[in-house]
Structures are given as C-alpha cells and as structure tokens.
>>> print(open('protein.cif').read())   # mmCIF, C-alpha atoms, pLDDT in the B column; chains and numbers go by the auth columns
data_final
#
loop_
_atom_site.group_PDB
_atom_site.id
_atom_site.type_symbol
_atom_site.label_atom_id
_atom_site.label_comp_id
_atom_site.label_asym_id
_atom_site.label_seq_id
_atom_site.Cartn_x
_atom_site.Cartn_y
_atom_site.Cartn_z
_atom_site.B_iso_or_equiv
_atom_site.auth_seq_id
_atom_site.auth_asym_id
ATOM 1 C CA MET A 1 66.821 155.858 156.697 68.00 20 S
ATOM 2 C CA PRO A 2 67.238 157.818 153.441 88.00 21 S
ATOM 3 C CA LEU A 3 69.860 157.102 150.848 97.00 22 S
ATOM 4 C CA THR A 4 73.284 158.590 151.537 98.00 23 S
ATOM 5 C CA LEU A 5 75.651 159.615 148.760 98.00 24 S
ATOM 6 C CA ILE A 6 79.330 159.786 149.649 97.00 25 S
ATOM 7 C CA SER A 7 80.680 162.413 147.309 96.00 26 S
ATOM 8 C CA ALA A 8 83.544 164.828 146.796 94.00 27 S
ATOM 9 C CA THR A 9 82.906 168.418 145.779 93.00 28 S
ATOM 10 C CA PRO A 10 85.021 168.347 142.576 95.00 29 S
ATOM 11 C CA SER A 11 84.059 164.798 141.519 96.00 30 S
ATOM 12 C CA PRO A 12 82.383 164.646 138.097 97.00 31 S
ATOM 13 C CA TYR A 13 81.412 161.040 138.746 98.00 32 S
ATOM 14 C CA ALA A 14 79.553 161.946 141.932 97.00 33 S
ATOM 15 C CA ARG A 15 78.022 164.990 140.278 98.00 34 S
ATOM 16 C CA LYS A 16 76.296 162.802 137.690 98.00 35 S
ATOM 17 C CA VAL A 17 74.706 160.773 140.469 98.00 36 S
ATOM 18 C CA ARG A 18 73.664 163.880 142.403 98.00 37 S
ATOM 19 C CA ILE A 19 71.975 165.275 139.297 98.00 38 S
ATOM 20 C CA SER A 20 70.185 161.988 138.603 98.00 39 S
ATOM 21 C CA LEU A 21 68.828 161.730 142.140 97.00 40 S
ATOM 22 C CA ALA A 22 67.709 165.368 142.084 97.00 41 S
ATOM 23 C CA LEU A 23 66.008 165.069 138.688 97.00 42 S
ATOM 24 C CA LYS A 24 64.110 161.999 139.850 97.00 43 S
ATOM 25 C CA GLY A 25 63.132 163.610 143.144 96.00 44 S
ATOM 26 C CA ILE A 26 64.726 160.834 145.195 97.00 45 S
ATOM 27 C CA PRO A 27 65.617 162.114 148.689 96.00 46 S
ATOM 28 C CA PHE A 28 69.170 161.529 149.860 97.00 47 S
ATOM 29 C CA THR A 29 71.743 162.813 152.309 97.00 48 S
ATOM 30 C CA LEU A 30 74.960 164.210 150.852 97.00 49 S
ATOM 31 C CA GLN A 31 78.203 163.323 152.627 95.00 50 S
ATOM 32 C CA ASN A 32 81.251 165.075 151.174 94.00 51 S
ATOM 33 C CA GLU A 33 84.771 163.927 151.889 92.00 52 S
ATOM 34 C CA ILE A 34 88.246 163.740 150.355 86.00 53 S
ATOM 35 C CA PRO A 35 88.772 160.103 149.323 82.00 54 S
ATOM 36 C CA TRP A 36 92.579 160.212 149.458 77.00 55 S
ATOM 37 C CA GLU A 37 92.853 161.437 153.031 80.00 56 S
ATOM 38 C CA SER A 38 93.134 159.209 156.091 82.00 57 S
ATOM 39 C CA SER A 39 89.771 160.333 157.496 84.00 58 S
ATOM 40 C CA THR A 40 87.828 158.974 154.513 88.00 59 S
ATOM 41 C CA LYS A 41 84.979 156.546 155.143 89.00 60 S
ATOM 42 C CA THR A 42 84.971 155.342 151.541 92.00 61 S
ATOM 43 C CA PRO A 43 86.937 152.086 152.153 92.00 62 S
ATOM 44 C CA ASN A 44 84.228 151.017 154.609 94.00 63 S
ATOM 45 C CA TYR A 45 81.819 150.753 151.686 95.00 64 S
ATOM 46 C CA ASN A 46 83.900 150.341 148.514 95.00 65 S
ATOM 47 C CA PRO A 47 86.893 147.972 148.440 95.00 66 S
ATOM 48 C CA LEU A 48 88.285 149.986 145.518 93.00 67 S
ATOM 49 C CA GLU A 49 88.291 153.132 147.713 92.00 68 S
ATOM 50 C CA GLN A 50 86.657 155.240 145.020 92.00 69 S
ATOM 51 C CA LEU A 51 83.771 157.681 144.976 94.00 70 S
ATOM 52 C CA PRO A 52 80.878 157.962 144.565 97.00 71 S
ATOM 53 C CA VAL A 53 79.261 155.478 146.929 98.00 72 S
ATOM 54 C CA LEU A 54 75.507 155.230 147.378 98.00 73 S
ATOM 55 C CA ILE A 55 74.589 153.824 150.783 98.00 74 S
ATOM 56 C CA LEU A 56 71.166 152.173 150.684 97.00 75 S
ATOM 57 C CA GLU A 57 68.418 152.163 153.301 95.00 76 S
ATOM 58 C CA ASP A 58 69.594 148.825 154.711 95.00 77 S
ATOM 59 C CA GLY A 59 73.197 150.034 155.098 95.00 78 S
ATOM 60 C CA SER A 60 74.568 148.161 152.087 97.00 79 S
ATOM 61 C CA ALA A 61 76.229 150.111 149.311 97.00 80 S
ATOM 62 C CA VAL A 62 76.597 150.342 145.546 98.00 81 S
ATOM 63 C CA TYR A 63 79.525 152.087 143.912 97.00 82 S
ATOM 64 C CA ASP A 64 81.012 153.297 140.641 95.00 83 S
ATOM 65 C CA SER A 65 78.993 156.011 138.946 97.00 84 S
ATOM 66 C CA HIS A 66 78.043 153.834 135.948 95.00 85 S
ATOM 67 C CA PHE A 67 76.666 151.107 138.195 97.00 86 S
ATOM 68 C CA ILE A 68 74.942 153.560 140.544 98.00 87 S
ATOM 69 C CA LEU A 69 73.188 155.272 137.634 98.00 88 S
ATOM 70 C CA ASP A 70 72.077 151.894 136.256 97.00 89 S
ATOM 71 C CA TYR A 71 70.909 150.912 139.743 97.00 90 S
ATOM 72 C CA ILE A 72 68.822 154.076 140.038 97.00 91 S
ATOM 73 C CA GLU A 73 67.265 153.533 136.598 96.00 92 S
ATOM 74 C CA LEU A 74 66.321 149.942 137.430 96.00 93 S
ATOM 75 C CA LYS A 75 65.150 150.514 140.995 96.00 94 S
ATOM 76 C CA TYR A 76 63.147 153.672 140.297 94.00 95 S
ATOM 77 C CA PRO A 77 61.567 152.986 136.869 89.00 96 S
ATOM 78 C CA SER A 78 58.644 155.339 137.466 87.00 97 S
ATOM 79 C CA LYS A 79 60.906 158.320 138.149 92.00 98 S
ATOM 80 C CA LEU A 80 61.879 160.418 135.070 95.00 99 S
ATOM 81 C CA PRO A 81 63.727 157.858 132.892 96.00 100 S
ATOM 82 C CA LEU A 82 67.227 158.979 131.920 97.00 101 S
ATOM 83 C CA LEU A 83 67.752 156.163 129.432 97.00 102 S
ATOM 84 C CA SER A 84 65.563 155.651 126.378 96.00 103 S
ATOM 85 C CA ALA A 85 63.586 152.469 125.881 95.00 104 S
ATOM 86 C CA ASP A 86 65.031 152.414 122.373 97.00 105 S
ATOM 87 C CA VAL A 87 68.108 150.165 122.356 98.00 106 S
ATOM 88 C CA ASP A 88 70.155 152.239 119.896 98.00 107 S
ATOM 89 C CA GLU A 89 69.438 155.457 121.788 98.00 108 S
ATOM 90 C CA LYS A 90 70.298 153.768 125.071 97.00 109 S
ATOM 91 C CA LEU A 91 73.609 152.532 123.681 98.00 110 S
ATOM 92 C CA LEU A 92 74.475 155.965 122.278 98.00 111 S
ATOM 93 C CA ALA A 93 73.774 157.632 125.626 98.00 112 S
ATOM 94 C CA LYS A 94 76.028 155.118 127.378 98.00 113 S
ATOM 95 C CA GLN A 95 78.744 155.630 124.761 98.00 114 S
ATOM 96 C CA ILE A 96 78.703 159.394 125.286 98.00 115 S
ATOM 97 C CA GLU A 97 78.877 158.867 129.040 98.00 116 S
ATOM 98 C CA LEU A 98 81.807 156.477 128.563 98.00 117 S
ATOM 99 C CA VAL A 99 83.800 159.025 126.562 98.00 118 S
ATOM 100 C CA CYS A 100 83.135 161.740 129.159 98.00 119 S
ATOM 101 C CA ASP A 101 84.294 159.432 131.932 98.00 120 S
ATOM 102 C CA GLY A 102 87.422 158.664 129.923 98.00 121 S
ATOM 103 C CA VAL A 103 88.199 162.373 129.820 98.00 122 S
ATOM 104 C CA PHE A 104 87.591 162.643 133.578 97.00 123 S
ATOM 105 C CA ASP A 105 90.003 159.746 134.149 97.00 124 S
ATOM 106 C CA ALA A 106 92.648 161.339 131.946 97.00 125 S
ATOM 107 C CA ILE A 107 92.323 164.726 133.666 96.00 126 S
ATOM 108 C CA GLY A 108 92.875 163.048 137.031 94.00 127 S
ATOM 109 C CA ARG A 109 95.939 161.175 135.810 96.00 128 S
ATOM 110 C CA TYR A 110 97.317 164.324 134.193 96.00 129 S
ATOM 111 C CA PHE A 111 96.808 166.313 137.406 92.00 130 S
ATOM 112 C CA PHE A 112 98.550 163.781 139.632 91.00 131 S
ATOM 113 C CA GLU A 113 101.393 163.241 137.178 95.00 132 S
ATOM 114 C CA LYS A 114 101.986 167.006 137.150 91.00 133 S
ATOM 115 C CA ALA A 115 102.076 166.887 140.947 89.00 134 S
ATOM 116 C CA ARG A 116 105.142 164.617 140.746 91.00 135 S
ATOM 117 C CA GLY A 117 107.188 167.648 139.716 93.00 136 S
ATOM 118 C CA GLU A 118 110.607 166.757 138.338 94.00 137 S
ATOM 119 C CA LYS A 119 109.738 163.049 138.492 95.00 138 S
ATOM 120 C CA ALA A 120 106.770 163.495 136.174 95.00 139 S
ATOM 121 C CA SER A 121 106.801 161.635 132.859 97.00 140 S
ATOM 122 C CA PRO A 122 106.323 163.942 129.833 96.00 141 S
ATOM 123 C CA GLU A 123 105.307 160.912 127.771 97.00 142 S
ATOM 124 C CA TRP A 124 102.589 159.953 130.260 97.00 143 S
ATOM 125 C CA GLU A 125 101.356 163.537 130.450 97.00 144 S
ATOM 126 C CA SER A 126 101.225 163.722 126.661 97.00 145 S
ATOM 127 C CA ARG A 127 99.215 160.507 126.453 98.00 146 S
ATOM 128 C CA GLN A 128 96.646 161.804 128.941 97.00 147 S
ATOM 129 C CA LEU A 129 96.457 165.150 127.151 97.00 148 S
ATOM 130 C CA ARG A 130 95.685 163.403 123.855 98.00 149 S
ATOM 131 C CA LYS A 131 92.809 161.588 125.556 98.00 150 S
ATOM 132 C CA ILE A 132 91.476 164.836 127.041 98.00 151 S
ATOM 133 C CA VAL A 133 91.643 166.714 123.747 98.00 152 S
ATOM 134 C CA GLY A 134 90.363 163.819 121.637 98.00 153 S
ATOM 135 C CA GLY A 135 87.517 162.965 123.993 98.00 154 S
ATOM 136 C CA THR A 136 86.383 166.567 124.220 98.00 155 S
ATOM 137 C CA LYS A 137 86.401 166.859 120.429 98.00 156 S
ATOM 138 C CA ALA A 138 84.266 163.729 120.107 98.00 157 S
ATOM 139 C CA VAL A 139 81.750 165.096 122.610 98.00 158 S
ATOM 140 C CA ALA A 140 81.647 168.430 120.796 98.00 159 S
ATOM 141 C CA GLU A 141 80.769 166.603 117.577 98.00 160 S
ATOM 142 C CA TRP A 142 77.809 164.899 119.263 98.00 161 S
ATOM 143 C CA VAL A 143 76.641 168.269 120.597 98.00 162 S
ATOM 144 C CA LYS A 144 76.966 169.869 117.165 98.00 163 S
ATOM 145 C CA ALA A 145 75.037 167.020 115.541 98.00 164 S
ATOM 146 C CA ALA A 146 72.180 167.493 118.017 98.00 165 S
ATOM 147 C CA LYS A 147 72.033 171.201 117.261 97.00 166 S
ATOM 148 C CA GLU A 148 71.979 170.535 113.529 98.00 167 S
ATOM 149 C CA ARG A 149 68.974 168.256 114.076 97.00 168 S
ATOM 150 C CA GLY A 150 67.287 171.044 116.020 98.00 169 S
ATOM 151 C CA ASP A 151 67.374 168.977 119.229 98.00 170 S
ATOM 152 C CA GLU A 152 67.789 170.469 122.683 97.00 171 S
ATOM 153 C CA TYR A 153 69.136 167.216 124.114 98.00 172 S
ATOM 154 C CA LEU A 154 71.755 164.828 122.776 98.00 173 S
ATOM 155 C CA VAL A 155 69.902 161.528 122.403 98.00 174 S
ATOM 156 C CA GLY A 156 66.325 161.168 121.167 97.00 175 S
ATOM 157 C CA ASN A 157 65.771 164.819 122.102 95.00 176 S
ATOM 158 C CA GLN A 158 65.016 163.833 125.690 97.00 177 S
ATOM 159 C CA LEU A 159 67.080 164.488 128.781 98.00 178 S
ATOM 160 C CA SER A 160 69.341 161.514 129.381 98.00 179 S
ATOM 161 C CA ILE A 161 72.467 160.286 131.091 98.00 180 S
ATOM 162 C CA ALA A 162 74.364 161.592 128.063 98.00 181 S
ATOM 163 C CA ASP A 163 73.339 165.153 128.961 98.00 182 S
ATOM 164 C CA LEU A 164 74.323 164.632 132.595 98.00 183 S
ATOM 165 C CA ALA A 165 77.744 163.461 131.460 98.00 184 S
ATOM 166 C CA VAL A 166 78.384 166.254 128.953 98.00 185 S
ATOM 167 C CA VAL A 167 77.290 169.111 131.207 98.00 186 S
ATOM 168 C CA THR A 168 79.458 167.569 133.923 98.00 187 S
ATOM 169 C CA LEU A 169 82.377 167.440 131.475 98.00 188 S
ATOM 170 C CA CYS A 170 81.973 171.144 130.717 98.00 189 S
ATOM 171 C CA GLY A 171 82.010 171.909 134.428 97.00 190 S
ATOM 172 C CA MET A 172 85.100 169.788 134.965 97.00 191 S
ATOM 173 C CA LEU A 173 87.004 171.464 132.134 97.00 192 S
ATOM 174 C CA THR A 174 86.083 174.900 133.474 96.00 193 S
ATOM 175 C CA MET A 175 87.054 174.059 137.058 95.00 194 S
ATOM 176 C CA THR A 176 90.440 172.622 136.102 93.00 195 S
ATOM 177 C CA GLU A 177 91.465 175.592 133.952 93.00 196 S
ATOM 178 C CA SER A 178 92.900 177.369 136.996 85.00 197 S
ATOM 179 C CA ILE A 179 94.656 174.186 138.172 88.00 198 S
ATOM 180 C CA VAL A 180 96.247 172.578 135.113 88.00 199 S
ATOM 181 C CA GLY A 181 95.476 175.209 132.463 89.00 200 S
ATOM 182 C CA ASP A 182 93.055 175.353 129.548 93.00 201 S
ATOM 183 C CA LEU A 183 93.948 171.966 128.106 93.00 202 S
ATOM 184 C CA THR A 184 91.363 171.823 125.318 95.00 203 S
ATOM 185 C CA GLN A 185 90.487 175.474 124.570 96.00 204 S
ATOM 186 C CA TRP A 186 86.965 174.121 124.166 97.00 205 S
ATOM 187 C CA LYS A 187 85.202 177.424 124.745 97.00 206 S
ATOM 188 C CA GLY A 188 86.902 178.902 121.690 97.00 207 S
ATOM 189 C CA LYS A 189 86.839 175.801 119.498 98.00 208 S
ATOM 190 C CA TYR A 190 83.338 174.504 120.155 98.00 209 S
ATOM 191 C CA PRO A 191 80.741 177.310 120.413 98.00 210 S
ATOM 192 C CA GLU A 192 77.875 174.817 120.119 98.00 211 S
ATOM 193 C CA MET A 193 79.143 173.062 123.234 98.00 212 S
ATOM 194 C CA VAL A 194 79.336 176.341 125.141 98.00 213 S
ATOM 195 C CA GLU A 195 75.778 177.217 124.108 98.00 214 S
ATOM 196 C CA TYR A 196 74.536 173.747 125.013 98.00 215 S
ATOM 197 C CA GLU A 197 76.156 173.804 128.466 98.00 216 S
ATOM 198 C CA LYS A 198 74.725 177.241 129.168 97.00 217 S
ATOM 199 C CA LYS A 199 71.192 176.167 128.249 97.00 218 S
ATOM 200 C CA VAL A 200 70.991 172.657 129.710 98.00 219 S
ATOM 201 C CA GLY A 201 73.254 173.498 132.635 97.00 220 S
ATOM 202 C CA ALA A 202 70.896 176.277 133.708 97.00 221 S
ATOM 203 C CA ARG A 203 68.511 173.733 135.229 96.00 222 S
ATOM 204 C CA LYS A 204 68.786 173.935 138.996 96.00 223 S
ATOM 205 C CA GLU A 205 69.728 170.259 139.303 97.00 224 S
ATOM 206 C CA PHE A 206 72.847 171.073 137.288 97.00 225 S
ATOM 207 C CA SER A 207 73.624 174.586 138.537 96.00 226 S
ATOM 208 C CA GLU A 208 73.332 173.575 142.205 96.00 227 S
ATOM 209 C CA THR A 209 75.918 170.825 141.762 96.00 228 S
ATOM 210 C CA SER A 210 78.703 172.845 140.115 95.00 229 S
ATOM 211 C CA PRO A 211 82.122 171.395 141.033 95.00 230 S
ATOM 212 C CA VAL A 212 84.349 173.022 143.641 91.00 231 S
ATOM 213 C CA MET A 213 87.969 171.946 144.102 87.00 232 S
ATOM 214 C CA PHE A 214 88.940 170.859 147.593 78.00 233 S
ATOM 215 C CA ASP A 215 92.191 171.612 149.402 72.00 234 S
ATOM 216 C CA LEU A 216 94.289 168.467 149.735 67.00 235 S
ATOM 217 C CA GLN A 217 95.919 168.419 153.158 66.00 236 S
ATOM 218 C CA GLU A 218 97.692 165.064 152.810 61.00 237 S
ATOM 219 C CA ARG A 219 100.194 163.864 150.250 62.00 238 S
ATOM 220 C CA VAL A 220 98.714 161.717 147.479 60.00 239 S
ATOM 221 C CA VAL A 221 101.683 161.179 145.134 57.00 240 S
#
>>> encode(input="protein.cif", output="structure tokens")
Amino acid sequence: MPLTLISATPSPYARKVRISLALKGIPFTLQNEIPWESSTKTPNYNPLEQLPVLILEDGSAVYDSHFILDYIELKYPSKLPLLSADVDEKLLAKQIELVCDGVFDAIGRYFFEKARGEKASPEWESRQLRKIVGGTKAVAEWVKAAKERGDEYLVGNQLSIADLAVVTLCGMLTMTESIVGDLTQWKGKYPEMVEYEKKVGARKEFSETSPVMFDLQERVV
C-alpha cells in the first residue's frame, strides 16, 4: 500500500509536502478534499482536523506539514536531502519556512474574518494584514540576499525546504489576489522575488502543484 496524502487543492501546507515527495521520487496517492465540509475524512486521521495528512503504509498517519516534512527527511535520508547537514543552514531554512507558514496562517484568518461580513473585526483584519505584509517583506529580503550572493537557491545554494516554502508563498499570494485582493503588491515591490519564483517555480514538481481554490459548499463561519 503506497503512501496517501490527504490534501486540498489551495492548501500551501499540503503543496509543500507534495513537492517534497515528488522531488524525492517517493510514490504516493493524492486524495483531495475540503477539510471544513461534513464529508471530510481528515478527522479520522488527525484529531486537530487539519490538512495535510500523510497516511503511511500500515494505515497510521502523520500530520502537520512541518512534522510531515521532517518525517520524510528522517525516513528517506537517501532521497534528495532538502535540509542541509550544516546546522546553521538547517536552522535558516526552517526559519524561512516558519515565516512563510505564518503568512499562510494570516491569509486564512484574514479570508475567514472577511467572510463574516458586517460582523468582521477591522482590528483583527488589520493585525492579520500586518503579518501578511511584514512576512512577505522578510521573505523578499532573504530572496534578495541570495541573488546578491549569486545563489540560485536560498540556503547554501542548494534546493531546500526554504525554497519549497517561498515558491509556495508566491503561489498563494497570486491565487488569493482574486479573492481578497492584492494584499502585499509583492510583484511590484519585490522584482527579485518575482524572478526567483519564475525560475525555481518552473521545475515540474512546483508547476504541477500550483494552487487552485475550491468552491466551499458549506458554511464555515
């Protein structure tokens, strides 16, 4: 029984895992669903009811994208390492991933707060927007620093989890423009980030996992 990844088409967290598995050549079955709808199977595997979930060969599961990516690195050490053996480089890659995930979290909170309509809190929206803008700026600075060093990749000039996270962030920002607006104006402000996403994101493992928003049929908030 191959690995099964429970995913959602717009999920940046699941996209990182999909890219990692594809880069390492690890076979898996993709199972897309909408985690907030009543038909979801996610609670059967993750008590927190969050995606992604990686179902293992024995039917057990691991969840949370950070943990899944660590699991893959540890369980498949001979497959294209996505974390450097150098401690400082490893920590930097994880820090970049953490900031990207913080932006993903804030985008989700912003989206659902907007969906509350007249009951939405402007103060809460503003707080999330500051996180989105500030996190994107921080990522853009890492990308610019890599370019100034003449590096194609962000950490140690080798493909890493940091690159998975940043390309995924670019895809998320692009996808959500038509939903919540261009919150960061990153394509105009950060040309190095646009160039980086175009180059690194051209790899098929990235381009074949581009996010697609689903149509929510059930009320979430």
>>> closest_atom_pairs(input="protein.cif", of="segment 197-233 of chain S", to="segment 159-183 of chain S", cutoff="9 Å", atoms="all atoms listed in the file", output="tab-separated table")
residue	atom	partner	partner_atom	distance
S:Trp205	CA	S:Ala159	CA	8.5
S:Tyr209	CA	S:Ala159	CA	6.3
S:Pro210	CA	S:Ala159	CA	8.9
S:Glu211	CA	S:Lys163	CA	5.8
S:Met212	CA	S:Ala159	CA	5.8
S:Tyr215	CA	S:Val162	CA	7.3
S:Lys218	CA	S:Glu171	CA	8.7
S:Val219	CA	S:Asp182	CA	7.9
S:Gly220	CA	S:Leu183	CA	8.9
S:Phe225	CA	S:Leu183	CA	8.1
>>> atom_distance(input="protein.cif", atom1="atom CA of Ala80 of chain S", atom2="atom CA of Leu93 of chain S")
15.5 Å
>>> closest_residue(input="protein.cif", among="S:Ala184, S:Leu67, S:Val213, S:Ile91", to="Ser30 of chain S", atoms="all atoms listed in the file")
S:Ala184
>>> closest_residue(input="protein.cif", among="S:Phe47, S:Pro141, S:Val186, S:Gly207", to="Arg222 of chain S", atoms="only C-alpha atoms")
S:Val186
>>> closest_residue(input="protein.cif", among="S:Glu142, S:Pro66, S:Leu24, S:Gly190", to="Gly78 of chain S", atoms="all atoms listed in the file")
S:Leu24
>>> resolve_selection(input="protein.cif", expression="the PyMOL selection byres ((chain S and resi 228) around 8)", output="PyMOL selection string")
chain S and resi 34+37-38+224-227+229-230
>>> atom_distance(input="protein.cif", atom1="atom CA of Ala125 of chain S", atom2="atom CA of Gln147 of chain S")
5.0 Å
>>> closest_residue(input="protein.cif", among="S:Val199, S:Val152, S:Val185, S:Val81", to="Tyr129 of chain S", atoms="all atoms listed in the file")
S:Val199
>>> atom_distance(input="protein.cif", atom1="atom CA of Asp107 of chain S", atom2="atom CA of Gly154 of chain S")
20.8 Å
>>> closest_residue(input="protein.cif", among="S:Ala221, S:Leu148, S:Val36, S:Ala134", to="Ile198 of chain S", atoms="only C-alpha atoms")
S:Ala134
>>> resolve_selection(input="protein.cif", expression="the PyMOL selection byres ((chain S and resi 202) around 10)", output="list of chain:residue names")
S:Ile126, S:Leu148, S:Arg149, S:Ile151, S:Val152, S:Leu192, S:Thr193, S:Thr195, S:Glu196, S:Val199, S:Gly200, S:Asp201, S:Thr203, S:Gln204, S:Trp205
>>> write_last_selection(input="protein.cif", atoms="C-alpha atoms", output="compact mmCIF listing (two decimals), in the coordinates of the input")
# COMPACT_ATOMS: atom_id res chain seq x y z
CA ILE S 126 92.32 164.73 133.67
CA LEU S 148 96.46 165.15 127.15
CA ARG S 149 95.68 163.40 123.86
CA ILE S 151 91.48 164.84 127.04
CA VAL S 152 91.64 166.71 123.75
CA LEU S 192 87.00 171.46 132.13
CA THR S 193 86.08 174.90 133.47
CA THR S 195 90.44 172.62 136.10
CA GLU S 196 91.46 175.59 133.95
CA VAL S 199 96.25 172.58 135.11
CA GLY S 200 95.48 175.21 132.46
CA ASP S 201 93.06 175.35 129.55
CA THR S 203 91.36 171.82 125.32
CA GLN S 204 90.49 175.47 124.57
CA TRP S 205 86.96 174.12 124.17
>>> resolve_selection(input="protein.cif", expression="the PyMOL selection byres ((chain S and resi 100) around 12)", output="number ranges by chain")
S: 39-40, 42-44, 88-89, 91-99, 101-105, 109, 177-180
>>> decode(input="protein.cif", residues="segment 180-198 of chain S", atoms="N, CA, C and O atoms", output="PDB file, in the first residue's frame")
ATOM      1  N   ILE S 180      13.963  23.040   1.857  1.00  0.00           N
ATOM      2  CA  ILE S 180      12.604  23.301   2.309  1.00  0.00           C
ATOM      3  C   ILE S 180      12.292  24.789   2.251  1.00  0.00           C
ATOM      4  O   ILE S 180      11.141  25.181   2.024  1.00  0.00           O
ATOM      5  N   ALA S 181      13.300  25.634   2.418  1.00  0.00           N
ATOM      6  CA  ALA S 181      13.089  27.075   2.309  1.00  0.00           C
ATOM      7  C   ALA S 181      12.560  27.447   0.927  1.00  0.00           C
ATOM      8  O   ALA S 181      11.649  28.278   0.797  1.00  0.00           O
ATOM      9  N   ASP S 182      13.106  26.836  -0.115  1.00  0.00           N
ATOM     10  CA  ASP S 182      12.655  27.126  -1.479  1.00  0.00           C
ATOM     11  C   ASP S 182      11.233  26.618  -1.705  1.00  0.00           C
ATOM     12  O   ASP S 182      10.422  27.285  -2.356  1.00  0.00           O
ATOM     13  N   LEU S 183      10.931  25.444  -1.152  1.00  0.00           N
ATOM     14  CA  LEU S 183       9.567  24.921  -1.261  1.00  0.00           C
ATOM     15  C   LEU S 183       8.581  25.906  -0.645  1.00  0.00           C
ATOM     16  O   LEU S 183       7.527  26.202  -1.217  1.00  0.00           O
ATOM     17  N   ALA S 184       8.949  26.436   0.528  1.00  0.00           N
ATOM     18  CA  ALA S 184       8.065  27.340   1.240  1.00  0.00           C
ATOM     19  C   ALA S 184       7.873  28.660   0.505  1.00  0.00           C
ATOM     20  O   ALA S 184       6.756  29.177   0.407  1.00  0.00           O
ATOM     21  N   VAL S 185       8.952  29.217  -0.032  1.00  0.00           N
ATOM     22  CA  VAL S 185       8.864  30.537  -0.666  1.00  0.00           C
ATOM     23  C   VAL S 185       8.138  30.468  -2.008  1.00  0.00           C
ATOM     24  O   VAL S 185       7.307  31.333  -2.307  1.00  0.00           O
ATOM     25  N   VAL S 186       8.416  29.460  -2.807  1.00  0.00           N
ATOM     26  CA  VAL S 186       7.671  29.319  -4.063  1.00  0.00           C
ATOM     27  C   VAL S 186       6.186  29.098  -3.769  1.00  0.00           C
ATOM     28  O   VAL S 186       5.311  29.635  -4.448  1.00  0.00           O
ATOM     29  N   THR S 187       5.904  28.326  -2.727  1.00  0.00           N
ATOM     30  CA  THR S 187       4.517  28.102  -2.326  1.00  0.00           C
ATOM     31  C   THR S 187       3.868  29.399  -1.865  1.00  0.00           C
ATOM     32  O   THR S 187       2.690  29.655  -2.147  1.00  0.00           O
ATOM     33  N   LEU S 188       4.628  30.237  -1.152  1.00  0.00           N
ATOM     34  CA  LEU S 188       4.100  31.543  -0.740  1.00  0.00           C
ATOM     35  C   LEU S 188       3.736  32.389  -1.949  1.00  0.00           C
ATOM     36  O   LEU S 188       2.664  33.006  -1.987  1.00  0.00           O
ATOM     37  N   CYS S 189       4.607  32.426  -2.937  1.00  0.00           N
ATOM     38  CA  CYS S 189       4.320  33.201  -4.154  1.00  0.00           C
ATOM     39  C   CYS S 189       3.036  32.713  -4.819  1.00  0.00           C
ATOM     40  O   CYS S 189       2.207  33.518  -5.256  1.00  0.00           O
ATOM     41  N   GLY S 190       2.866  31.410  -4.876  1.00  0.00           N
ATOM     42  CA  GLY S 190       1.658  30.848  -5.471  1.00  0.00           C
ATOM     43  C   GLY S 190       0.413  31.200  -4.680  1.00  0.00           C
ATOM     44  O   GLY S 190      -0.640  31.498  -5.250  1.00  0.00           O
ATOM     45  N   MET S 191       0.541  31.186  -3.363  1.00  0.00           N
ATOM     46  CA  MET S 191      -0.591  31.525  -2.500  1.00  0.00           C
ATOM     47  C   MET S 191      -0.993  32.984  -2.675  1.00  0.00           C
ATOM     48  O   MET S 191      -2.177  33.319  -2.779  1.00  0.00           O
ATOM     49  N   LEU S 192      -0.013  33.872  -2.697  1.00  0.00           N
ATOM     50  CA  LEU S 192      -0.304  35.298  -2.871  1.00  0.00           C
ATOM     51  C   LEU S 192      -0.971  35.560  -4.215  1.00  0.00           C
ATOM     52  O   LEU S 192      -1.906  36.360  -4.310  1.00  0.00           O
ATOM     53  N   THR S 193      -0.500  34.872  -5.246  1.00  0.00           N
ATOM     54  CA  THR S 193      -1.092  35.049  -6.582  1.00  0.00           C
ATOM     55  C   THR S 193      -2.527  34.529  -6.617  1.00  0.00           C
ATOM     56  O   THR S 193      -3.426  35.189  -7.137  1.00  0.00           O
ATOM     57  N   MET S 194      -2.750  33.339  -6.046  1.00  0.00           N
ATOM     58  CA  MET S 194      -4.086  32.754  -6.067  1.00  0.00           C
ATOM     59  C   MET S 194      -5.099  33.622  -5.323  1.00  0.00           C
ATOM     60  O   MET S 194      -6.235  33.774  -5.760  1.00  0.00           O
ATOM     61  N   THR S 195      -4.689  34.189  -4.204  1.00  0.00           N
ATOM     62  CA  THR S 195      -5.643  34.927  -3.365  1.00  0.00           C
ATOM     63  C   THR S 195      -5.908  36.352  -3.844  1.00  0.00           C
ATOM     64  O   THR S 195      -6.788  37.026  -3.305  1.00  0.00           O
ATOM     65  N   GLU S 196      -5.158  36.808  -4.841  1.00  0.00           N
ATOM     66  CA  GLU S 196      -5.390  38.162  -5.355  1.00  0.00           C
ATOM     67  C   GLU S 196      -6.829  38.360  -5.802  1.00  0.00           C
ATOM     68  O   GLU S 196      -7.433  39.409  -5.561  1.00  0.00           O
ATOM     69  N   SER S 197      -7.403  37.368  -6.465  1.00  0.00           N
ATOM     70  CA  SER S 197      -8.764  37.489  -6.982  1.00  0.00           C
ATOM     71  C   SER S 197      -9.821  37.262  -5.907  1.00  0.00           C
ATOM     72  O   SER S 197     -11.010  37.468  -6.146  1.00  0.00           O
ATOM     73  N   ILE S 198      -9.379  36.848  -4.706  1.00  0.00           N
ATOM     74  CA  ILE S 198     -10.320  36.527  -3.627  1.00  0.00           C
ATOM     75  C   ILE S 198     -10.366  37.626  -2.580  1.00  0.00           C
ATOM     76  O   ILE S 198     -11.440  38.119  -2.220  1.00  0.00           O
TER      77      ILE S 198
END
